[in-house]
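*Asks:* My structure file structure-v2.cif, mmCIF, C-alpha atoms, is below:
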data_work
#
loop_
_atom_site.label_atom_id
_atom_site.label_comp_id
_atom_site.auth_asym_id
_atom_site.auth_seq_id
_atom_site.Cartn_x
_atom_site.Cartn_y
_atom_site.Cartn_z
CA MET A 1 0.00 0.00 0.00
CA THR A 2 2.79 2.42 0.85
CA THR A 3 4.56 1.80 -2.46
CA ARG A 4 1.38 2.23 -4.48
CA LEU A 5 0.49 5.40 -2.57
CA ALA A 6 3.96 6.74 -3.23
CA ARG A 7 3.64 6.04 -6.96
CA ARG A 8 0.31 7.83 -7.10
CA CYS A 9 1.71 10.80 -5.23
CA ALA A 10 4.65 10.92 -7.62
CA ALA A 11 2.33 10.83 -10.62
CA LEU A 12 0.18 13.63 -9.19
CA ALA A 13 3.27 15.67 -8.40
CA LEU A 14 4.50 15.23 -11.98
CA ALA A 15 1.11 16.21 -13.36
CA PHE A 16 1.19 19.35 -11.22
CA VAL A 17 4.67 20.17 -12.49
CA LEU A 18 3.52 19.70 -16.11
CA ALA A 19 0.50 21.91 -15.60
CA MET A 20 2.62 24.61 -13.95
CA ALA A 21 5.61 24.20 -16.25
CA PRO A 22 5.25 27.54 -18.09
CA GLY A 23 4.94 29.51 -14.84
CA MET A 24 7.50 27.54 -12.89
CA ALA A 25 10.07 27.86 -15.62
CA ALA A 26 10.68 31.44 -14.53
CA PHE A 27 11.85 30.22 -11.11
CA ALA A 28 13.75 27.12 -12.23
CA PRO A 29 17.57 27.21 -12.33
CA ALA A 30 19.55 25.98 -15.30
CA ALA A 31 19.07 22.23 -15.66
CA ILE A 32 22.68 21.24 -16.14
CA ALA A 33 25.63 23.50 -15.51
CA ASP A 34 27.78 22.21 -18.37
CA GLU A 35 25.06 22.72 -21.03
CA THR A 36 25.48 26.03 -22.82
CA THR A 37 22.09 26.13 -24.57
CA PRO A 38 19.27 25.45 -22.10
CA SER A 39 15.81 24.37 -23.22
CA PRO A 40 12.96 26.87 -22.88
CA THR A 41 11.30 24.45 -20.48
CA THR A 42 14.24 24.50 -18.09
CA SER A 43 15.58 28.00 -18.39
CA GLN A 44 14.17 31.29 -17.18
CA THR A 45 11.48 32.55 -19.53
CA THR A 46 9.28 35.58 -19.73
CA ASP A 47 5.70 36.07 -20.88
CA ASP A 48 7.06 37.09 -24.29
CA ASP A 49 8.95 33.80 -24.53
CA ALA A 50 5.79 31.86 -23.71
CA ALA A 51 3.95 33.76 -26.43
CA VAL A 52 6.67 32.90 -28.95
CA ASP A 53 6.56 29.19 -28.05
CA PRO A 54 2.93 28.18 -27.42
CA ASN A 55 4.03 24.58 -26.94
CA SER A 56 6.29 25.16 -23.96
CA GLY A 57 3.58 23.80 -21.67
CA TYR A 58 3.51 20.53 -23.60
CA ILE A 59 7.22 19.78 -23.22
CA LEU A 60 8.91 18.76 -19.97
CA ASP A 61 12.67 18.55 -20.52
CA PRO A 62 14.55 19.29 -17.29
CA GLN A 63 17.70 17.64 -18.70
CA ASN A 64 17.65 19.89 -21.79
CA LEU A 65 17.90 16.87 -24.06
CA LEU A 66 16.30 18.71 -26.99
CA GLY A 67 18.82 21.54 -26.78
CA ASN A 68 18.91 23.74 -29.90
CA ASP A 69 16.30 21.54 -31.59
CA ILE A 70 13.56 22.68 -29.26
CA ALA A 71 12.23 25.08 -31.91
CA LYS A 72 11.99 22.33 -34.54
CA VAL A 73 10.19 20.06 -32.10
CA SER A 74 7.79 22.83 -31.14
CA ASP A 75 7.05 23.55 -34.81
CA ALA A 76 6.38 19.85 -35.36
CA ILE A 77 3.90 19.85 -32.46
CA THR A 78 2.08 22.83 -33.98
CA HIS A 79 2.06 21.27 -37.45
CA THR A 80 0.72 17.97 -36.11
CA ARG A 81 -2.03 19.71 -34.16
CA GLU A 82 -3.13 21.84 -37.13
CA ARG A 83 -2.96 19.06 -39.71
CA THR A 84 -4.31 16.09 -37.76
CA GLY A 85 -6.01 17.52 -34.69
CA VAL A 86 -3.65 15.54 -32.43
CA GLN A 87 -2.04 17.24 -29.43
CA VAL A 88 1.43 15.88 -28.61
CA ARG A 89 3.00 15.98 -25.14
CA LEU A 90 6.66 15.17 -24.43
CA ILE A 91 8.11 14.17 -21.05
CA TYR A 92 11.81 13.47 -20.50
CA VAL A 93 12.79 12.36 -16.97
CA ASP A 94 15.66 10.45 -15.39
CA SER A 95 13.48 7.59 -14.20
CA PHE A 96 9.84 6.66 -13.89
CA ASN A 97 10.55 5.56 -10.29
CA SER A 98 7.99 2.80 -10.56
CA THR A 99 7.89 -0.95 -10.77
CA ASP A 100 4.88 -0.68 -13.06
CA PRO A 101 5.38 -1.15 -16.80
CA PRO A 102 6.37 2.08 -18.58
CA ASP A 103 3.05 2.15 -20.45
CA ASP A 104 1.10 2.09 -17.18
CA TRP A 105 3.20 4.91 -15.74
CA ALA A 106 2.73 7.02 -18.87
CA ARG A 107 -1.01 6.27 -19.02
CA GLN A 108 -1.56 7.27 -15.39
CA THR A 109 0.48 10.43 -15.88
CA LEU A 110 -1.49 11.40 -18.98
CA GLN A 111 -4.83 10.74 -17.31
CA SER A 112 -3.83 12.92 -14.36
CA LEU A 113 -3.51 15.84 -16.80
CA GLY A 114 -7.13 15.53 -17.93
CA PRO A 115 -6.25 15.37 -21.63
CA ALA A 116 -8.63 16.01 -24.48
CA PRO A 117 -9.34 13.21 -26.96
CA ASN A 118 -6.61 12.66 -29.57
CA THR A 119 -3.74 13.47 -27.24
CA VAL A 120 -0.46 11.52 -27.53
CA LEU A 121 2.14 11.38 -24.79
CA LEU A 122 5.75 10.36 -25.42
CA ALA A 123 7.41 9.62 -22.08
CA VAL A 124 11.12 8.78 -21.85
CA ALA A 125 13.13 7.73 -18.79
CA THR A 126 16.70 8.35 -19.89
CA ASN A 127 18.54 6.56 -17.08
CA ASP A 128 16.21 3.54 -17.15
CA GLY A 129 16.23 3.28 -20.90
CA ASN A 130 12.42 3.15 -20.91
CA LEU A 131 10.08 4.70 -23.46
CA ALA A 132 6.31 4.70 -23.66
CA VAL A 133 3.74 6.12 -26.07
CA VAL A 134 0.12 6.32 -24.91
CA VAL A 135 -3.05 7.86 -26.30
CA SER A 136 -5.78 9.59 -24.32
CA PRO A 137 -9.16 7.92 -23.85
CA ASP A 138 -12.00 8.61 -26.31
CA SER A 139 -9.52 9.20 -29.14
CA GLU A 140 -10.36 8.29 -32.71
CA GLU A 141 -9.89 4.67 -33.73
CA TRP A 142 -7.19 5.41 -36.30
CA LEU A 143 -5.03 6.90 -33.53
CA SER A 144 -5.90 4.75 -30.52
CA SER A 145 -5.67 1.34 -32.22
CA GLN A 146 -2.87 -0.90 -31.03
CA GLN A 147 -1.42 -0.95 -34.52
CA SER A 148 -1.08 2.84 -34.54
CA VAL A 149 0.37 2.96 -31.02
CA ASP A 150 2.96 0.32 -31.95
CA ALA A 151 3.93 2.30 -35.06
CA LEU A 152 4.37 5.46 -33.00
CA SER A 153 6.47 3.64 -30.42
CA GLU A 154 8.75 2.13 -33.07
CA ALA A 155 9.25 5.51 -34.74
CA ALA A 156 10.13 7.16 -31.44
CA SER A 157 12.46 4.34 -30.35
CA ALA A 158 14.57 4.00 -33.50
CA PRO A 159 16.57 7.28 -33.18
CA LEU A 160 17.33 6.41 -29.55
CA THR A 161 18.44 2.82 -30.03
CA ASP A 162 19.84 2.66 -33.56
CA VAL A 163 22.93 4.74 -32.79
CA LYS A 164 26.53 4.08 -33.58
CA THR A 165 29.22 3.78 -30.97
CA GLY A 166 30.23 7.16 -29.63
CA GLU A 167 27.04 8.87 -30.84
CA SER A 168 24.28 10.21 -28.65
CA PRO A 169 20.61 9.41 -29.07
CA ASP A 170 18.77 11.89 -31.26
CA TRP A 171 16.04 13.01 -28.89
CA ALA A 172 14.57 15.61 -31.22
CA ARG A 173 14.49 13.17 -34.13
CA SER A 174 12.68 10.68 -31.91
CA ALA A 175 9.84 13.11 -31.24
CA ILE A 176 9.66 14.42 -34.82
CA ASP A 177 9.67 10.94 -36.35
CA MET A 178 6.81 9.96 -34.07
CA MET A 179 4.81 12.98 -35.22
CA ASP A 180 5.55 12.13 -38.86
CA VAL A 181 3.94 8.75 -38.26
CA ILE A 182 0.90 10.50 -36.80
CA ASP A 183 0.59 12.42 -40.08
CA LYS A 184 0.88 9.21 -42.10
CA GLU A 185 -1.69 7.39 -39.97
CA LYS A 186 -4.08 10.30 -40.41
CA ASP A 187 -3.58 10.29 -44.19
CA THR A 188 -4.15 6.55 -44.32
CA ALA A 189 -7.32 6.83 -42.27
CA THR A 190 -8.58 9.69 -44.47
CA SER A 191 -7.81 7.75 -47.66
CA HIS A 192 -9.54 4.67 -46.28
CA SER A 193 -12.59 6.72 -45.37
CA ALA A 194 -12.62 8.26 -48.85
CA VAL A 195 -12.50 4.78 -50.42
CA ILE A 196 -15.40 3.64 -48.26
CA VAL A 197 -17.43 6.74 -49.10
CA GLY A 198 -16.66 6.27 -52.80
CA ALA A 199 -17.69 2.61 -52.68
CA VAL A 200 -20.92 3.48 -50.90
CA ALA A 201 -21.59 6.18 -53.49
CA VAL A 202 -21.01 3.75 -56.37
CA ILE A 203 -23.27 1.17 -54.77
CA GLY A 204 -25.91 3.85 -54.28
CA VAL A 205 -25.71 4.94 -57.93
CA VAL A 206 -25.95 1.34 -59.15
CA ALA A 207 -28.90 0.66 -56.89
CA LEU A 208 -30.64 3.83 -58.07
CA ALA A 209 -30.02 2.90 -61.70
CA ALA A 210 -31.47 -0.56 -61.07
CA VAL A 211 -34.56 0.98 -59.52
CA VAL A 212 -34.99 3.36 -62.46
CA VAL A 213 -34.62 0.51 -64.97
CA GLY A 214 -37.11 -1.56 -63.01
CA VAL A 215 -39.62 1.29 -62.98
CA VAL A 216 -39.22 1.82 -66.73
CA ILE A 217 -39.77 -1.89 -67.41
CA VAL A 218 -42.86 -2.00 -65.21
CA VAL A 219 -44.33 1.13 -66.79
CA ARG A 220 -43.65 -0.16 -70.30
CA ARG A 221 -45.18 -3.54 -69.49
CA ARG A 222 -48.22 -1.89 -67.99
CA ARG A 223 -48.67 0.20 -71.11
CA GLU A 224 -48.47 -2.91 -73.28
CA VAL A 225 -51.08 -4.64 -71.14
CA ASP A 226 -53.35 -1.59 -71.30
CA ALA A 227 -52.92 -1.44 -75.09
CA ASP A 228 -53.84 -5.13 -75.44
CA ALA A 229 -56.88 -4.63 -73.26
CA ALA A 230 -57.99 -1.63 -75.34
CA GLY A 231 -57.63 -3.71 -78.56
CA ASP A 232 -59.81 -6.44 -77.11
CA VAL A 233 -62.48 -3.88 -76.25
CA ARG A 234 -62.47 -2.48 -79.79
CA ASP A 235 -62.78 -5.97 -81.29
CA GLY A 236 -65.74 -6.66 -79.04
CA GLU A 237 -67.47 -3.46 -80.15
CA HIS A 238 -67.21 -4.38 -83.90
CA ALA A 239 -68.64 -7.94 -83.49
CA PRO A 240 -72.38 -6.94 -82.93
CA HIS A 241 -72.37 -4.79 -86.07
CA ALA A 242 -71.28 -7.75 -88.13
CA ASP A 243 -74.13 -9.87 -86.74
CA ALA A 244 -76.59 -7.11 -87.47
CA ASP A 245 -75.41 -6.93 -91.08
CA GLY A 246 -75.83 -10.69 -91.39
CA ASP A 247 -79.32 -10.52 -90.01
CA ALA A 248 -80.14 -7.71 -92.37
CA ASP A 249 -78.89 -9.72 -95.33
CA ALA A 250 -80.90 -12.70 -94.17
CA ASP A 251 -84.02 -10.55 -93.89
CA ALA A 252 -83.35 -9.15 -97.33
CA ASP A 253 -83.08 -12.65 -98.76
CA ASP A 254 -86.35 -13.71 -97.16
CA SER A 255 -88.31 -10.61 -98.03
CA PRO A 256 -89.02 -11.38 -101.77
CA VAL A 257 -90.53 -14.72 -100.94
CA GLU A 258 -92.68 -13.30 -98.26
CA ALA A 259 -93.68 -10.42 -100.51
CA THR A 260 -94.61 -12.81 -103.29
CA ALA A 261 -96.65 -14.93 -100.94
CA ASP A 262 -98.42 -11.93 -99.60
CA THR A 263 -99.14 -10.64 -103.09
CA ALA A 264 -100.51 -13.96 -104.19
CA THR A 265 -102.76 -14.17 -101.21
CA ALA A 266 -104.07 -10.74 -101.80
CA ALA A 267 -104.92 -11.62 -105.43
CA GLY A 268 -106.77 -14.76 -104.42
CA THR A 269 -104.24 -16.94 -106.11
CA PRO A 270 -102.52 -19.71 -104.27
CA ALA A 271 -98.91 -19.03 -103.70
CA THR A 272 -97.88 -22.64 -104.00
CA GLY A 273 -95.56 -23.59 -106.82
CA THR A 274 -93.56 -21.49 -109.16
CA ALA A 275 -94.50 -18.90 -111.73
CA GLY A 276 -96.06 -20.42 -114.91
CA ALA A 277 -97.22 -23.69 -113.34
CA ALA A 278 -100.74 -24.97 -114.39
CA ASN A 279 -103.62 -24.39 -112.07
CA PRO A 280 -105.16 -27.75 -111.23
CA HIS A 281 -108.60 -26.23 -110.86
CA ALA A 282 -108.49 -24.41 -114.17
CA LYS A 283 -110.39 -27.22 -116.03
CA TYR A 284 -113.35 -26.77 -113.83
CA ARG A 285 -113.80 -23.24 -115.01
CA GLY A 286 -116.73 -22.62 -117.33
#
With the file now loaded, output its structure as structure tokens.

*Replies:*
Amino acid sequence: MTTRLARRCAALALAFVLAMAPGMAAFAPAAIADETTPSPTTSQTTDDDAAVDPNSGYILDPQNLLGNDIAKVSDAITHTRERTGVQVRLIYVDSFNSTDPPDDWARQTLQSLGPAPNTVLLAVATNDGNLAVVVSPDSEEWLSSQQSVDALSEAASAPLTDVKTGESPDWARSAIDMMDVIDKEKDTATSHSAVIVGAVAVIGVVALAAVVVGVVIVVRRRREVDADAAGDVRDGEHAPHADADGDADADADDSPVEATADTATAAGTPATGTAGAANPHAKYRG
């Protein structure tokens, strides 16, 4: 319990130092006596200096490891924030003074600062040889995924470990390379999103075209059906007239016979037989 309480107190104390870094810098002595070019975070600064370097509150470098490259690192922080929306914090200490894994120490320290989403912390313990990169909670998936965090850690570690004998680790390059990877991860995520949006748009256009073609086919088929139905109606209307003409012809054919019969009856002459036939009763006439 005592050890855990001590670690928490140390983390809170570090968070307080980070939050008060710009103001406390005015009262801090030079970090190392034999360094001729102190870092803005470890040397005496004025309000004008803070205005010139808006990122001084995001860098804790009591050992002045960044040295003359502090301006380049600060510019990289500004560029990363403006281009990707990611806020970068840098902490360089002698030791994490904790038996916890470096990632846990860095995560607790970052959380104690109350970071906004899409905040990345690079924490380095120079004497311990430990390095950790953590991302604040509620960050976007492209940044907070384990794959992205691993890529950031590898980029930050390479300039510190891949050094030749007699050379010093390139602390500034470590931070800048990490921020370059943030830019690349953002570009990849944006390109991936654009591909997805494009694919969805294409699918939408194809679906809309299919619907339009389907509507055209249905309308055309309906018109054909209506036209066939109208033809059937017209054919049905002509059929009674044909029957009437037939009946009229039949009546016309029958009418001479009937007229002849009627005429013969009216004249008192039997209508039986054909014209010119002998009358069987004629011989009985006087």

*Asks:* Between A:Val124, A:Val233, A:Val206, A:Ala155, which has the minimum distance to Gln63 (chain A) (counting only C-alpha atoms)?

*Replies:*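 Closest residue, counting only C-alpha atoms: A:Val124.
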
*Asks:* Applying 10 Å and all atoms listed in the file, which residues near region 134-141 of chain A remain after dropping the ones on its own chain fewer than 3 positions away? List them as a CSV table (one decimal) with C-alpha atoms, in the coordinates of the input.

*Replies:*
chain,number,residue,atom,x,y,z
A,86,VAL,CA,-3.6,15.5,-32.4
A,87,GLN,CA,-2.0,17.2,-29.4
A,88,VAL,CA,1.4,15.9,-28.6
A,102,PRO,CA,6.4,2.1,-18.6
A,103,ASP,CA,3.0,2.2,-20.4
A,104,ASP,CA,1.1,2.1,-17.2
A,105,TRP,CA,3.2,4.9,-15.7
A,106,ALA,CA,2.7,7.0,-18.9
A,107,ARG,CA,-1.0,6.3,-19.0
A,108,GLN,CA,-1.6,7.3,-15.4
A,109,THR,CA,0.5,10.4,-15.9
A,110,LEU,CA,-1.5,11.4,-19.0
A,111,GLN,CA,-4.8,10.7,-17.3
A,114,GLY,CA,-7.1,15.5,-17.9
A,115,PRO,CA,-6.2,15.4,-21.6
A,116,ALA,CA,-8.6,16.0,-24.5
A,117,PRO,CA,-9.3,13.2,-27.0
A,118,ASN,CA,-6.6,12.7,-29.6
A,119,THR,CA,-3.7,13.5,-27.2
A,120,VAL,CA,-0.5,11.5,-27.5
A,121,LEU,CA,2.1,11.4,-24.8
A,122,LEU,CA,5.8,10.4,-25.4
A,123,ALA,CA,7.4,9.6,-22.1
A,144,SER,CA,-5.9,4.8,-30.5
A,145,SER,CA,-5.7,1.3,-32.2
A,146,GLN,CA,-2.9,-0.9,-31.0
A,148,SER,CA,-1.1,2.8,-34.5
A,149,VAL,CA,0.4,3.0,-31.0
A,150,ASP,CA,3.0,0.3,-32.0
A,152,LEU,CA,4.4,5.5,-33.0
A,153,SER,CA,6.5,3.6,-30.4
A,189,ALA,CA,-7.3,6.8,-42.3

*Asks:* When you count all atoms listed in the file, which of these residues is closest to Asp128 (chain A): A:Ala151, A:Val93, A:Val212, A:Ala158?

*Replies:*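 Closest residue, counting all atoms listed in the file: A:Val93.
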
*Asks:* Could you work out how far CA of Arg89 (chain A) lies from CA of Ser74 (chain A), giving the answer in Å with one decimal?

*Replies:*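 Separation between CA of Ser74 (chain A) and CA of Arg89 (chain A): 10.3 Å.
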
*Asks:* Give me the region 150-218 of chain A side of the contact with region 51-61 of chain A, cut-off 12 Å, one line per residue showing its nearest atom pair and distance in Å at one decimal, counting all atoms listed in the file, sorted by chain and residue number, as a tab-separated table.

*Replies:*
residue	atom	partner	partner_atom	distance
A:Trp171	CA	A:Asp61	CA	10.6
A:Ala172	CA	A:Asp61	CA	11.3
A:Ala175	CA	A:Ile59	CA	10.8

*Asks:* Could you work out how far CA of Arg173 (chain A) lies from CA of Asn68 (chain A), giving the answer in Å with one decimal?

*Replies:*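 Calculated distance between CA of Asn68 (chain A) and CA of Arg173 (chain A) is 12.2 Å.
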
*Asks:* Show which residues sit within 9 Å of Arg83 (chain A), as a ChimeraX atom specification. Count all atoms listed in the file, and ignore same-chain residues fewer than 5 positions away.

*Replies:* /A:78,183,186

*Asks:* List as a list in words: which residues have an atom within 10 Å of (17.8, 4.7, -23.8), counting all atoms listed in the file?

*Replies:*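 Neighbouring residues, ordered by chain and number, come to Val124, Ala125, Thr126, Asn127, Asp128, Gly129, Asn130, Leu131, Ser157, Pro159, Leu160, Thr161, Ser168, Pro169 and Trp171 of chain A.
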
*Asks:* So how many Å separate CA of Gly67 (chain A) and CA of Glu167 (chain A), to one decimal?

*Replies:*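 Answer for the CA of Gly67 (chain A) to CA of Glu167 (chain A) separation: 15.6 Å.
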
*Asks:* For Ile182 (chain A), which of A:Ala210, A:Ile203, A:Asn97, A:Ala156 is the closest residue, counting all atoms listed in the file?

*Replies:*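 The answer is A:Ala156, which sits nearest to Ile182 (chain A).
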
*Asks:* Quick one: axis-aligned box around all listed atoms of region 76-82 of chain A, 5 Å on every side, centre and edge lengths in Å to one decimal, written as AutoDock Vina command-line options.

*Replies:*
--center_x 1.6 --center_y 20.4 --center_z -35.0 --size_x 19.5 --size_y 14.9 --size_z 15.0

*Asks:* Considering all atoms listed in the file, state which residue in the set A:Ala71, A:Leu65, A:Ile77, A:Val219 is at the smallest distance from Asp180 (chain A).

*Replies:* A:Ile77
